[in-house]
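J.: coords-v4.pdb is reproduced below (PDB, N, CA and C atoms, pLDDT in the B column).
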ATOM      1  N   MET A   1     169.390  97.244  81.865  1.00 53.00           N
ATOM      2  CA  MET A   1     169.778  96.039  82.549  1.00 53.00           C
ATOM      3  C   MET A   1     169.781  96.283  84.054  1.00 53.00           C
ATOM      4  N   LYS A   2     169.655  95.217  84.791  1.00 62.00           N
ATOM      5  CA  LYS A   2     169.628  95.313  86.242  1.00 62.00           C
ATOM      6  C   LYS A   2     171.033  95.474  86.801  1.00 62.00           C
ATOM      7  N   ASN A   3     171.117  96.228  87.888  1.00 62.00           N
ATOM      8  CA  ASN A   3     172.369  96.274  88.633  1.00 62.00           C
ATOM      9  C   ASN A   3     172.370  95.091  89.582  1.00 62.00           C
ATOM     10  N   LYS A   4     173.268  94.178  89.361  1.00 68.00           N
ATOM     11  CA  LYS A   4     173.330  92.991  90.202  1.00 68.00           C
ATOM     12  C   LYS A   4     174.209  93.255  91.410  1.00 68.00           C
ATOM     13  N   ILE A   5     173.915  92.560  92.478  1.00 68.00           N
ATOM     14  CA  ILE A   5     174.742  92.664  93.662  1.00 68.00           C
ATOM     15  C   ILE A   5     176.057  91.969  93.367  1.00 68.00           C
ATOM     16  N   GLY A   6     177.133  92.702  93.533  1.00 72.00           N
ATOM     17  CA  GLY A   6     178.453  92.147  93.273  1.00 72.00           C
ATOM     18  C   GLY A   6     179.001  91.468  94.507  1.00 72.00           C
ATOM     19  N   PHE A   7     180.056  90.726  94.321  1.00 79.00           N
ATOM     20  CA  PHE A   7     180.722  90.071  95.430  1.00 79.00           C
ATOM     21  C   PHE A   7     182.210  90.346  95.277  1.00 79.00           C
ATOM     22  N   ASN A   8     182.766  91.092  96.213  1.00 82.00           N
ATOM     23  CA  ASN A   8     184.166  91.446  96.165  1.00 82.00           C
ATOM     24  C   ASN A   8     184.941  90.525  97.095  1.00 82.00           C
ATOM     25  N   LEU A   9     185.812  89.733  96.525  1.00 87.00           N
ATOM     26  CA  LEU A   9     186.547  88.728  97.282  1.00 87.00           C
ATOM     27  C   LEU A   9     187.524  89.356  98.278  1.00 87.00           C
ATOM     28  N   VAL A  10     188.090  90.497  97.951  1.00 89.00           N
ATOM     29  CA  VAL A  10     189.052  91.149  98.840  1.00 89.00           C
ATOM     30  C   VAL A  10     188.381  91.511 100.168  1.00 89.00           C
ATOM     31  N   PHE A  11     187.205  92.099 100.101  1.00 90.00           N
ATOM     32  CA  PHE A  11     186.505  92.484 101.329  1.00 90.00           C
ATOM     33  C   PHE A  11     185.968  91.261 102.064  1.00 90.00           C
ATOM     34  N   ALA A  12     185.692  90.186 101.348  1.00 91.00           N
ATOM     35  CA  ALA A  12     185.281  88.944 102.010  1.00 91.00           C
ATOM     36  C   ALA A  12     186.433  88.361 102.803  1.00 91.00           C
ATOM     37  N   ILE A  13     187.621  88.419 102.232  1.00 93.00           N
ATOM     38  CA  ILE A  13     188.803  87.919 102.933  1.00 93.00           C
ATOM     39  C   ILE A  13     189.102  88.787 104.146  1.00 93.00           C
ATOM     40  N   LEU A  14     188.884  90.087 104.054  1.00 94.00           N
ATOM     41  CA  LEU A  14     189.086  90.978 105.196  1.00 94.00           C
ATOM     42  C   LEU A  14     188.012  90.787 106.267  1.00 94.00           C
ATOM     43  N   ALA A  15     186.780  90.552 105.849  1.00 94.00           N
ATOM     44  CA  ALA A  15     185.671  90.446 106.798  1.00 94.00           C
ATOM     45  C   ALA A  15     185.758  89.175 107.641  1.00 94.00           C
ATOM     46  N   PHE A  16     186.327  88.112 107.111  1.00 96.00           N
ATOM     47  CA  PHE A  16     186.380  86.849 107.846  1.00 96.00           C
ATOM     48  C   PHE A  16     187.196  86.940 109.139  1.00 96.00           C
ATOM     49  N   PRO A  17     188.461  87.386 109.104  1.00 96.00           N
ATOM     50  CA  PRO A  17     189.202  87.470 110.375  1.00 96.00           C
ATOM     51  C   PRO A  17     188.677  88.551 111.314  1.00 96.00           C
ATOM     52  N   ILE A  18     188.116  89.612 110.745  1.00 96.00           N
ATOM     53  CA  ILE A  18     187.536  90.648 111.606  1.00 96.00           C
ATOM     54  C   ILE A  18     186.312  90.104 112.322  1.00 96.00           C
ATOM     55  N   GLY A  19     185.510  89.308 111.635  1.00 95.00           N
ATOM     56  CA  GLY A  19     184.360  88.676 112.269  1.00 95.00           C
ATOM     57  C   GLY A  19     184.768  87.692 113.352  1.00 95.00           C
ATOM     58  N   LEU A  20     185.840  86.943 113.112  1.00 96.00           N
ATOM     59  CA  LEU A  20     186.334  86.030 114.137  1.00 96.00           C
ATOM     60  C   LEU A  20     186.848  86.785 115.357  1.00 96.00           C
ATOM     61  N   ALA A  21     187.552  87.885 115.126  1.00 95.00           N
ATOM     62  CA  ALA A  21     188.041  88.701 116.241  1.00 95.00           C
ATOM     63  C   ALA A  21     186.877  89.317 117.014  1.00 95.00           C
ATOM     64  N   LEU A  22     185.831  89.683 116.292  1.00 95.00           N
ATOM     65  CA  LEU A  22     184.643  90.238 116.943  1.00 95.00           C
ATOM     66  C   LEU A  22     183.981  89.198 117.830  1.00 95.00           C
ATOM     67  N   LEU A  23     183.920  87.958 117.372  1.00 95.00           N
ATOM     68  CA  LEU A  23     183.349  86.890 118.192  1.00 95.00           C
ATOM     69  C   LEU A  23     184.188  86.601 119.426  1.00 95.00           C
ATOM     70  N   LYS A  24     185.516  86.672 119.275  1.00 95.00           N
ATOM     71  CA  LYS A  24     186.386  86.447 120.427  1.00 95.00           C
ATOM     72  C   LYS A  24     186.269  87.576 121.450  1.00 95.00           C
ATOM     73  N   GLU A  25     186.022  88.775 120.968  1.00 94.00           N
ATOM     74  CA  GLU A  25     185.943  89.944 121.856  1.00 94.00           C
ATOM     75  C   GLU A  25     184.608  90.000 122.603  1.00 94.00           C
ATOM     76  N   PHE A  26     183.585  89.340 122.087  1.00 93.00           N
ATOM     77  CA  PHE A  26     182.248  89.399 122.680  1.00 93.00           C
ATOM     78  C   PHE A  26     182.112  88.338 123.768  1.00 93.00           C
ATOM     79  N   ASP A  27     181.599  88.746 124.920  1.00 93.00           N
ATOM     80  CA  ASP A  27     181.375  87.830 126.039  1.00 93.00           C
ATOM     81  C   ASP A  27     179.901  87.427 126.027  1.00 93.00           C
ATOM     82  N   PHE A  28     179.627  86.163 125.726  1.00 94.00           N
ATOM     83  CA  PHE A  28     178.248  85.705 125.583  1.00 94.00           C
ATOM     84  C   PHE A  28     177.550  85.490 126.925  1.00 94.00           C
ATOM     85  N   ASP A  29     178.297  85.427 128.008  1.00 95.00           N
ATOM     86  CA  ASP A  29     177.680  85.288 129.334  1.00 95.00           C
ATOM     87  C   ASP A  29     176.994  86.575 129.764  1.00 95.00           C
ATOM     88  N   THR A  30     177.659  87.706 129.515  1.00 95.00           N
ATOM     89  CA  THR A  30     177.098  88.995 129.939  1.00 95.00           C
ATOM     90  C   THR A  30     176.588  89.825 128.760  1.00 95.00           C
ATOM     91  N   PHE A  31     176.777  89.341 127.538  1.00 94.00           N
ATOM     92  CA  PHE A  31     176.376  90.048 126.316  1.00 94.00           C
ATOM     93  C   PHE A  31     176.997  91.442 126.238  1.00 94.00           C
ATOM     94  N   THR A  32     178.272  91.518 126.542  1.00 94.00           N
ATOM     95  CA  THR A  32     179.030  92.761 126.417  1.00 94.00           C
ATOM     96  C   THR A  32     180.368  92.439 125.761  1.00 94.00           C
ATOM     97  N   PHE A  33     181.055  93.502 125.362  1.00 94.00           N
ATOM     98  CA  PHE A  33     182.403  93.339 124.841  1.00 94.00           C
ATOM     99  C   PHE A  33     183.374  93.356 126.006  1.00 94.00           C
ATOM    100  N   ARG A  34     184.425  92.565 125.900  1.00 94.00           N
ATOM    101  CA  ARG A  34     185.435  92.541 126.959  1.00 94.00           C
ATOM    102  C   ARG A  34     186.141  93.886 127.040  1.00 94.00           C
ATOM    103  N   LYS A  35     186.557  94.424 125.915  1.00 95.00           N
ATOM    104  CA  LYS A  35     187.106  95.769 125.800  1.00 95.00           C
ATOM    105  C   LYS A  35     186.156  96.535 124.885  1.00 95.00           C
ATOM    106  N   THR A  36     185.423  97.463 125.447  1.00 95.00           N
ATOM    107  CA  THR A  36     184.327  98.113 124.722  1.00 95.00           C
ATOM    108  C   THR A  36     184.799  98.848 123.470  1.00 95.00           C
ATOM    109  N   ALA A  37     185.839  99.637 123.586  1.00 96.00           N
ATOM    110  CA  ALA A  37     186.297 100.423 122.434  1.00 96.00           C
ATOM    111  C   ALA A  37     186.775  99.517 121.301  1.00 96.00           C
ATOM    112  N   LEU A  38     187.506  98.479 121.642  1.00 95.00           N
ATOM    113  CA  LEU A  38     187.996  97.550 120.625  1.00 95.00           C
ATOM    114  C   LEU A  38     186.842  96.788 119.975  1.00 95.00           C
ATOM    115  N   GLY A  39     185.858  96.402 120.764  1.00 95.00           N
ATOM    116  CA  GLY A  39     184.694  95.706 120.225  1.00 95.00           C
ATOM    117  C   GLY A  39     183.894  96.569 119.272  1.00 95.00           C
ATOM    118  N   ILE A  40     183.728  97.839 119.622  1.00 95.00           N
ATOM    119  CA  ILE A  40     182.993  98.755 118.745  1.00 95.00           C
ATOM    120  C   ILE A  40     183.762  98.995 117.457  1.00 95.00           C
ATOM    121  N   LEU A  41     185.086  99.107 117.559  1.00 96.00           N
ATOM    122  CA  LEU A  41     185.909  99.282 116.367  1.00 96.00           C
ATOM    123  C   LEU A  41     185.816  98.061 115.453  1.00 96.00           C
ATOM    124  N   TYR A  42     185.876  96.861 116.032  1.00 96.00           N
ATOM    125  CA  TYR A  42     185.710  95.642 115.242  1.00 96.00           C
ATOM    126  C   TYR A  42     184.333  95.599 114.578  1.00 96.00           C
ATOM    127  N   LEU A  43     183.309  95.975 115.302  1.00 95.00           N
ATOM    128  CA  LEU A  43     181.951  95.937 114.765  1.00 95.00           C
ATOM    129  C   LEU A  43     181.778  96.905 113.603  1.00 95.00           C
ATOM    130  N   ILE A  44     182.262  98.116 113.742  1.00 97.00           N
ATOM    131  CA  ILE A  44     182.149  99.108 112.666  1.00 97.00           C
ATOM    132  C   ILE A  44     182.928  98.645 111.438  1.00 97.00           C
ATOM    133  N   THR A  45     184.136  98.139 111.656  1.00 96.00           N
ATOM    134  CA  THR A  45     184.959  97.666 110.545  1.00 96.00           C
ATOM    135  C   THR A  45     184.311  96.472 109.852  1.00 96.00           C
ATOM    136  N   PHE A  46     183.729  95.570 110.622  1.00 96.00           N
ATOM    137  CA  PHE A  46     183.061  94.404 110.048  1.00 96.00           C
ATOM    138  C   PHE A  46     181.854  94.818 109.208  1.00 96.00           C
ATOM    139  N   ILE A  47     181.065  95.750 109.700  1.00 96.00           N
ATOM    140  CA  ILE A  47     179.886  96.218 108.958  1.00 96.00           C
ATOM    141  C   ILE A  47     180.306  96.899 107.661  1.00 96.00           C
ATOM    142  N   VAL A  48     181.350  97.721 107.705  1.00 95.00           N
ATOM    143  CA  VAL A  48     181.832  98.395 106.496  1.00 95.00           C
ATOM    144  C   VAL A  48     182.348  97.374 105.483  1.00 95.00           C
ATOM    145  N   CYS A  49     183.074  96.374 105.949  1.00 94.00           N
ATOM    146  CA  CYS A  49     183.572  95.333 105.032  1.00 94.00           C
ATOM    147  C   CYS A  49     182.429  94.572 104.373  1.00 94.00           C
ATOM    148  N   ILE A  50     181.418  94.234 105.135  1.00 94.00           N
ATOM    149  CA  ILE A  50     180.258  93.528 104.571  1.00 94.00           C
ATOM    150  C   ILE A  50     179.534  94.415 103.567  1.00 94.00           C
ATOM    151  N   PHE A  51     179.376  95.704 103.893  1.00 93.00           N
ATOM    152  CA  PHE A  51     178.717  96.627 102.975  1.00 93.00           C
ATOM    153  C   PHE A  51     179.498  96.747 101.667  1.00 93.00           C
ATOM    154  N   LEU A  52     180.815  96.930 101.767  1.00 90.00           N
ATOM    155  CA  LEU A  52     181.630  97.065 100.563  1.00 90.00           C
ATOM    156  C   LEU A  52     181.709  95.765  99.781  1.00 90.00           C
ATOM    157  N   MET A  53     181.602  94.639 100.471  1.00 89.00           N
ATOM    158  CA  MET A  53     181.645  93.349  99.803  1.00 89.00           C
ATOM    159  C   MET A  53     180.389  93.111  98.967  1.00 89.00           C
ATOM    160  N   LEU A  54     179.243  93.578  99.446  1.00 87.00           N
ATOM    161  CA  LEU A  54     177.978  93.260  98.787  1.00 87.00           C
ATOM    162  C   LEU A  54     177.346  94.427  98.036  1.00 87.00           C
ATOM    163  N   ARG A  55     178.075  95.530  97.855  1.00 84.00           N
ATOM    164  CA  ARG A  55     177.459  96.666  97.170  1.00 84.00           C
ATOM    165  C   ARG A  55     177.235  96.352  95.695  1.00 84.00           C
ATOM    166  N   LYS A  56     176.324  97.089  95.101  1.00 74.00           N
ATOM    167  CA  LYS A  56     175.966  96.831  93.722  1.00 74.00           C
ATOM    168  C   LYS A  56     177.067  97.316  92.786  1.00 74.00           C
ATOM    169  N   ASN A  57     177.280  96.533  91.749  1.00 67.00           N
ATOM    170  CA  ASN A  57     178.243  96.939  90.714  1.00 67.00           C
ATOM    171  C   ASN A  57     177.557  97.886  89.758  1.00 67.00           C
ATOM    172  N   LYS A  58     178.236  98.964  89.414  1.00 68.00           N
ATOM    173  CA  LYS A  58     177.669  99.904  88.455  1.00 68.00           C
ATOM    174  C   LYS A  58     178.267  99.611  87.091  1.00 68.00           C
ATOM    175  N   ASN A  59     177.407  99.637  86.099  1.00 63.00           N
ATOM    176  CA  ASN A  59     177.850  99.428  84.739  1.00 63.00           C
ATOM    177  C   ASN A  59     178.446 100.746  84.231  1.00 63.00           C
ATOM    178  N   PRO A  60     179.659 100.758  83.700  1.00 63.00           N
ATOM    179  CA  PRO A  60     180.267 102.015  83.280  1.00 63.00           C
ATOM    180  C   PRO A  60     179.534 102.710  82.156  1.00 63.00           C
ATOM    181  N   SER A  61     178.747 101.988  81.353  1.00 64.00           N
ATOM    182  CA  SER A  61     178.012 102.612  80.252  1.00 64.00           C
ATOM    183  C   SER A  61     176.753 103.301  80.745  1.00 64.00           C
ATOM    184  N   GLU A  62     176.263 102.945  81.927  1.00 58.00           N
ATOM    185  CA  GLU A  62     175.075 103.582  82.486  1.00 58.00           C
ATOM    186  C   GLU A  62     175.485 104.598  83.530  1.00 58.00           C
ATOM    187  N   LYS A  63     174.742 105.701  83.605  1.00 53.00           N
ATOM    188  CA  LYS A  63     175.033 106.716  84.615  1.00 53.00           C
ATOM    189  C   LYS A  63     173.859 106.922  85.516  1.00 53.00           C
TER     190      LYS A  63
END
Step by step, read the file and then write its structure as structure tokens.

T.:
Amino acid sequence: MKNKIGFNLVFAILAFPIGLALLKEFDFDTFTFRKTALGILYLITFIVCIFLMLRKNKNPSEK
């Protein structure tokens, strides 16, 4: 059987406010982050949440 892409609601709920905070931190006039370290932290956390939200589900009977 195929491994289907799963959808984890917990990581979706976490990714939404982090994405909003990332948008608030980004300055679209200069295309930079207002606070660079905080913006990079938000970006890394957002990418990890999206990755964990959409990773494939493994069937326990298959190895």

J.: Could you list, as a PyMOL selection string, every residue within 6.5 Å of segment 8-21 of chain A, counting all atoms listed in the file and ignoring same-chain residues fewer than 5 positions away?

T.: chain A and resi 26+42+46+49-50+52-54

J.: Just the selected residues (N, CA and C atoms), exported as a PDB file, in the coordinates of the input, please.

T.:
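Result written to part.pdb:
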ATOM      1  N   PHE A  26     183.585  89.340 122.087  1.00 93.00           N
ATOM      2  CA  PHE A  26     182.248  89.399 122.680  1.00 93.00           C
ATOM      3  C   PHE A  26     182.112  88.338 123.768  1.00 93.00           C
ATOM      4  N   TYR A  42     185.876  96.861 116.032  1.00 96.00           N
ATOM      5  CA  TYR A  42     185.710  95.642 115.242  1.00 96.00           C
ATOM      6  C   TYR A  42     184.333  95.599 114.578  1.00 96.00           C
ATOM      7  N   PHE A  46     183.729  95.570 110.622  1.00 96.00           N
ATOM      8  CA  PHE A  46     183.061  94.404 110.048  1.00 96.00           C
ATOM      9  C   PHE A  46     181.854  94.818 109.208  1.00 96.00           C
ATOM     10  N   CYS A  49     183.074  96.374 105.949  1.00 94.00           N
ATOM     11  CA  CYS A  49     183.572  95.333 105.032  1.00 94.00           C
ATOM     12  C   CYS A  49     182.429  94.572 104.373  1.00 94.00           C
ATOM     13  N   ILE A  50     181.418  94.234 105.135  1.00 94.00           N
ATOM     14  CA  ILE A  50     180.258  93.528 104.571  1.00 94.00           C
ATOM     15  C   ILE A  50     179.534  94.415 103.567  1.00 94.00           C
ATOM     16  N   LEU A  52     180.815  96.930 101.767  1.00 90.00           N
ATOM     17  CA  LEU A  52     181.630  97.065 100.563  1.00 90.00           C
ATOM     18  C   LEU A  52     181.709  95.765  99.781  1.00 90.00           C
ATOM     19  N   MET A  53     181.602  94.639 100.471  1.00 89.00           N
ATOM     20  CA  MET A  53     181.645  93.349  99.803  1.00 89.00           C
ATOM     21  C   MET A  53     180.389  93.111  98.967  1.00 89.00           C
ATOM     22  N   LEU A  54     179.243  93.578  99.446  1.00 87.00           N
ATOM     23  CA  LEU A  54     177.978  93.260  98.787  1.00 87.00           C
ATOM     24  C   LEU A  54     177.346  94.427  98.036  1.00 87.00           C
TER      25      LEU A  54
END

J.: Would you give the centre and edge lengths, in Å to one decimal, of a box along x, y and z around the listed atoms of segment 7-14 of chain A, with 5 Å added to each side, as AutoDock Vina command-line options?

T.:
--center_x 184.6 --center_y 90.2 --center_z 100.3 --size_x 19.0 --size_y 14.6 --size_z 21.9

J.: Can you tell me how far atom CA of Leu22 of chain A sits from atom N of Thr36 of chain A, in Å to one decimal?

T.: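 Distance between the two atoms: 11.2 Å.
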
J.: To one decimal place in Å, what is the distance between atom N of Gly39 of chain A and atom N of Phe7 of chain A?

T.: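 For atom N of Gly39 of chain A relative to atom N of Phe7 of chain A, the distance reads 27.7 Å.
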
J.: Please give the complete set of residues from chain A that DSSP, run on the backbone, assigns to strand (DSSP E or B), formatted as a ChimeraX atom specification.

T.: /A:5,26-27,32-33,56

J.: Write out the residues from the selection above, keeping N, CA and C atoms, as a PDB file, in the frame of the given file.

T.:
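Result file is part-v4.pdb:
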ATOM      1  N   ILE A   5     173.915  92.560  92.478  1.00 68.00           N
ATOM      2  CA  ILE A   5     174.742  92.664  93.662  1.00 68.00           C
ATOM      3  C   ILE A   5     176.057  91.969  93.367  1.00 68.00           C
ATOM      4  N   PHE A  26     183.585  89.340 122.087  1.00 93.00           N
ATOM      5  CA  PHE A  26     182.248  89.399 122.680  1.00 93.00           C
ATOM      6  C   PHE A  26     182.112  88.338 123.768  1.00 93.00           C
ATOM      7  N   ASP A  27     181.599  88.746 124.920  1.00 93.00           N
ATOM      8  CA  ASP A  27     181.375  87.830 126.039  1.00 93.00           C
ATOM      9  C   ASP A  27     179.901  87.427 126.027  1.00 93.00           C
ATOM     10  N   THR A  32     178.272  91.518 126.542  1.00 94.00           N
ATOM     11  CA  THR A  32     179.030  92.761 126.417  1.00 94.00           C
ATOM     12  C   THR A  32     180.368  92.439 125.761  1.00 94.00           C
ATOM     13  N   PHE A  33     181.055  93.502 125.362  1.00 94.00           N
ATOM     14  CA  PHE A  33     182.403  93.339 124.841  1.00 94.00           C
ATOM     15  C   PHE A  33     183.374  93.356 126.006  1.00 94.00           C
ATOM     16  N   LYS A  56     176.324  97.089  95.101  1.00 74.00           N
ATOM     17  CA  LYS A  56     175.966  96.831  93.722  1.00 74.00           C
ATOM     18  C   LYS A  56     177.067  97.316  92.786  1.00 74.00           C
TER      19      LYS A  56
END

J.: What's the separation between atom N of Asp29 of chain A and atom CA of Phe51 of chain A, in Å to one decimal place?

T.: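 Between these atoms lies a distance of 27.4 Å.
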
J.: Report the residues of chain A whose backbone DSSP state falls under alpha helix (DSSP H), written as a PyMOL selection string.

T.: chain A and resi 9-25+36-54

J.: Keeping only N, CA and C atoms, write the selected residues to a file as a CSV table (one decimal), in the frame of the given file.

T.:
chain,number,residue,atom,x,y,z
A,9,LEU,N,185.8,89.7,96.5
A,9,LEU,CA,186.5,88.7,97.3
A,9,LEU,C,187.5,89.4,98.3
A,10,VAL,N,188.1,90.5,98.0
A,10,VAL,CA,189.1,91.1,98.8
A,10,VAL,C,188.4,91.5,100.2
A,11,PHE,N,187.2,92.1,100.1
A,11,PHE,CA,186.5,92.5,101.3
A,11,PHE,C,186.0,91.3,102.1
A,12,ALA,N,185.7,90.2,101.3
A,12,ALA,CA,185.3,88.9,102.0
A,12,ALA,C,186.4,88.4,102.8
A,13,ILE,N,187.6,88.4,102.2
A,13,ILE,CA,188.8,87.9,102.9
A,13,ILE,C,189.1,88.8,104.1
A,14,LEU,N,188.9,90.1,104.1
A,14,LEU,CA,189.1,91.0,105.2
A,14,LEU,C,188.0,90.8,106.3
A,15,ALA,N,186.8,90.6,105.8
A,15,ALA,CA,185.7,90.4,106.8
A,15,ALA,C,185.8,89.2,107.6
A,16,PHE,N,186.3,88.1,107.1
A,16,PHE,CA,186.4,86.8,107.8
A,16,PHE,C,187.2,86.9,109.1
A,17,PRO,N,188.5,87.4,109.1
A,17,PRO,CA,189.2,87.5,110.4
A,17,PRO,C,188.7,88.6,111.3
A,18,ILE,N,188.1,89.6,110.7
A,18,ILE,CA,187.5,90.6,111.6
A,18,ILE,C,186.3,90.1,112.3
A,19,GLY,N,185.5,89.3,111.6
A,19,GLY,CA,184.4,88.7,112.3
A,19,GLY,C,184.8,87.7,113.4
A,20,LEU,N,185.8,86.9,113.1
A,20,LEU,CA,186.3,86.0,114.1
A,20,LEU,C,186.8,86.8,115.4
A,21,ALA,N,187.6,87.9,115.1
A,21,ALA,CA,188.0,88.7,116.2
A,21,ALA,C,186.9,89.3,117.0
A,22,LEU,N,185.8,89.7,116.3
A,22,LEU,CA,184.6,90.2,116.9
A,22,LEU,C,184.0,89.2,117.8
A,23,LEU,N,183.9,88.0,117.4
A,23,LEU,CA,183.3,86.9,118.2
A,23,LEU,C,184.2,86.6,119.4
A,24,LYS,N,185.5,86.7,119.3
A,24,LYS,CA,186.4,86.4,120.4
A,24,LYS,C,186.3,87.6,121.4
A,25,GLU,N,186.0,88.8,121.0
A,25,GLU,CA,185.9,89.9,121.9
A,25,GLU,C,184.6,90.0,122.6
A,36,THR,N,185.4,97.5,125.4
A,36,THR,CA,184.3,98.1,124.7
A,36,THR,C,184.8,98.8,123.5
A,37,ALA,N,185.8,99.6,123.6
A,37,ALA,CA,186.3,100.4,122.4
A,37,ALA,C,186.8,99.5,121.3
A,38,LEU,N,187.5,98.5,121.6
A,38,LEU,CA,188.0,97.6,120.6
A,38,LEU,C,186.8,96.8,120.0
A,39,GLY,N,185.9,96.4,120.8
A,39,GLY,CA,184.7,95.7,120.2
A,39,GLY,C,183.9,96.6,119.3
A,40,ILE,N,183.7,97.8,119.6
A,40,ILE,CA,183.0,98.8,118.7
A,40,ILE,C,183.8,99.0,117.5
A,41,LEU,N,185.1,99.1,117.6
A,41,LEU,CA,185.9,99.3,116.4
A,41,LEU,C,185.8,98.1,115.5
A,42,TYR,N,185.9,96.9,116.0
A,42,TYR,CA,185.7,95.6,115.2
A,42,TYR,C,184.3,95.6,114.6
A,43,LEU,N,183.3,96.0,115.3
A,43,LEU,CA,182.0,95.9,114.8
A,43,LEU,C,181.8,96.9,113.6
A,44,ILE,N,182.3,98.1,113.7
A,44,ILE,CA,182.1,99.1,112.7
A,44,ILE,C,182.9,98.6,111.4
A,45,THR,N,184.1,98.1,111.7
A,45,THR,CA,185.0,97.7,110.5
A,45,THR,C,184.3,96.5,109.9
A,46,PHE,N,183.7,95.6,110.6
A,46,PHE,CA,183.1,94.4,110.0
A,46,PHE,C,181.9,94.8,109.2
A,47,ILE,N,181.1,95.8,109.7
A,47,ILE,CA,179.9,96.2,109.0
A,47,ILE,C,180.3,96.9,107.7
A,48,VAL,N,181.4,97.7,107.7
A,48,VAL,CA,181.8,98.4,106.5
A,48,VAL,C,182.3,97.4,105.5
A,49,CYS,N,183.1,96.4,105.9
A,49,CYS,CA,183.6,95.3,105.0
A,49,CYS,C,182.4,94.6,104.4
A,50,ILE,N,181.4,94.2,105.1
A,50,ILE,CA,180.3,93.5,104.6
A,50,ILE,C,179.5,94.4,103.6
A,51,PHE,N,179.4,95.7,103.9
A,51,PHE,CA,178.7,96.6,103.0
A,51,PHE,C,179.5,96.7,101.7
A,52,LEU,N,180.8,96.9,101.8
A,52,LEU,CA,181.6,97.1,100.6
A,52,LEU,C,181.7,95.8,99.8
A,53,MET,N,181.6,94.6,100.5
A,53,MET,CA,181.6,93.3,99.8
A,53,MET,C,180.4,93.1,99.0
A,54,LEU,N,179.2,93.6,99.4
A,54,LEU,CA,178.0,93.3,98.8
A,54,LEU,C,177.3,94.4,98.0
